[in-house]
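Asks: I have a structure I would like to understand better, so I am pasting it below and will then ask my questions one at a time.
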Amino acid sequence: MKVVTTVAIVVAVWLAGVWGVVAGGYDRGFLVPPPEAAAESFARQITTGRNELALHALATSVAPVENPETLRMRFAPLFAATGKVNRVEAEQLSMFQDHARVRVEIVGDDGHVTFELGLIRESHLWKVETLPAFR
């Protein structure tokens, strides 16, 4: 009986701690996808031509000025440099409070492209705030 009580107390304390982290707004990757996962998802949507879905990954400050066509035009040089995409990977470079920088690498048949995205945490989710400018 003592073991069951101890386990129940440990579980209750752990759940209270998780609730405190989430409710306090400090969860940046425990129960929500981390910044690199959000950036990788965004890049996969762009590389597969699902620009309408990619718009959902944009921060509220960026979303009003972007549409599927502007995203297609912005990332067109990427497709010219990589050809058919084989792999998309993202790596977190930095995170401070609600801002993060992520490096995205896209590898294709004809080459690879690396660019950085700036992300911001909105409504407990990481959203793309800064898009790259390709030339």
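Within each chain, counting starts at residue 1; across the structure tokens, chains are named A, B, ... in the order shown, with ligands numbered 1 upward in that order.
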Write out as a list in words each polymer residue whose atoms come within 10 Å of Phe79 of chain A, counting only C-alpha atoms; drop sequence neighbours fewer than 6 positions from it.

Replies: Ile46, Thr47, Arg72, Val85, Ile106, Gly108, Asp110, Gly111, His112 and Val113 of chain A

Asks: If DSSP is run on the backbone, what residues of segment 46-96 of chain A are strand (DSSP E)? A reply as a VMD selection string would be ideal.

Replies: chain A and resid 85 to 96

Asks: In Å to one decimal, how far is atom CA of Ala57 of chain A from atom CA of Val128 of chain A?

Replies: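 Those two atoms sit 6.0 Å apart.
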
Asks: Please return as a VMD selection string: the residues of segment 31-122 of chain A that backbone DSSP assigns to alpha helix (DSSP H).

Replies: chain A and resid 35 to 47 51 to 54 68 to 82

Asks: Can you spit out the residues from that selection as a compact mmCIF listing (two decimals), in the first residue's frame, using C-alpha atoms?

Replies:
# COMPACT_ATOMS: atom_id res chain seq x y z
CA PRO A 35 11.35 25.37 -33.61
CA GLU A 36 13.36 23.09 -35.90
CA ALA A 37 10.35 20.80 -36.37
CA ALA A 38 8.15 23.77 -37.31
CA ALA A 39 10.78 25.05 -39.76
CA GLU A 40 11.27 21.61 -41.29
CA SER A 41 7.52 21.20 -41.74
CA PHE A 42 7.31 24.61 -43.42
CA ALA A 43 10.20 23.73 -45.76
CA ARG A 44 8.62 20.39 -46.67
CA GLN A 45 5.37 22.14 -47.56
CA ILE A 46 7.23 24.62 -49.77
CA THR A 47 9.29 21.95 -51.52
CA ASN A 51 2.06 26.73 -50.43
CA GLU A 52 -1.51 27.10 -49.15
CA LEU A 53 -0.61 24.88 -46.19
CA ALA A 54 2.69 26.69 -45.72
CA PRO A 68 0.74 31.03 -52.28
CA GLU A 69 2.06 32.85 -55.35
CA THR A 70 4.52 35.06 -53.43
CA LEU A 71 5.83 31.99 -51.62
CA ARG A 72 6.22 30.17 -54.94
CA MET A 73 8.13 33.12 -56.43
CA ARG A 74 10.30 33.57 -53.31
CA PHE A 75 11.40 29.93 -53.30
CA ALA A 76 11.64 29.41 -57.10
CA PRO A 77 15.47 29.82 -57.08
CA LEU A 78 15.61 27.02 -54.52
CA PHE A 79 14.05 24.57 -56.97
CA ALA A 80 16.39 25.68 -59.73
CA ALA A 81 19.40 24.95 -57.51
CA THR A 82 18.27 21.64 -56.03

Asks: Of the residues A:Val65, A:Thr114, A:Val102, A:Ala12, which is the one nearest to Arg87 of chain A, using only C-alpha atoms?

Replies: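 Looking at the shortest contact to Arg87 of chain A, the residue is A:Thr114.
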
Asks: When you count only C-alpha atoms, which of these residues is closest to Glu122 of chain A: A:Ala59, A:Ile9, A:Met1, A:Ala16?

Replies: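 Once distances to Glu122 of chain A are computed over only C-alpha atoms, the minimum belongs to A:Ala59.
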
Asks: How many Å lie between atom CA of Glu89 of chain A and atom CA of Leu125 of chain A, rounded to one decimal?

Replies: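 Spanning atom CA of Glu89 of chain A to atom CA of Leu125 of chain A is a straight-line distance of 19.3 Å.
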
Asks: Atom CA of Asp109 of chain A and atom CA of Thr130 of chain A are how many Å apart?

Replies: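 Separation between atom CA of Asp109 of chain A and atom CA of Thr130 of chain A: 27.0 Å.
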
Asks: List the spatial neighbours of Phe115 of chain A as a ChimeraX atom specification - criterion: any atom at most 8 Å away, only C-alpha atoms, same-chain residues fewer than 3 positions off excluded.

Replies: /A:103-105,132
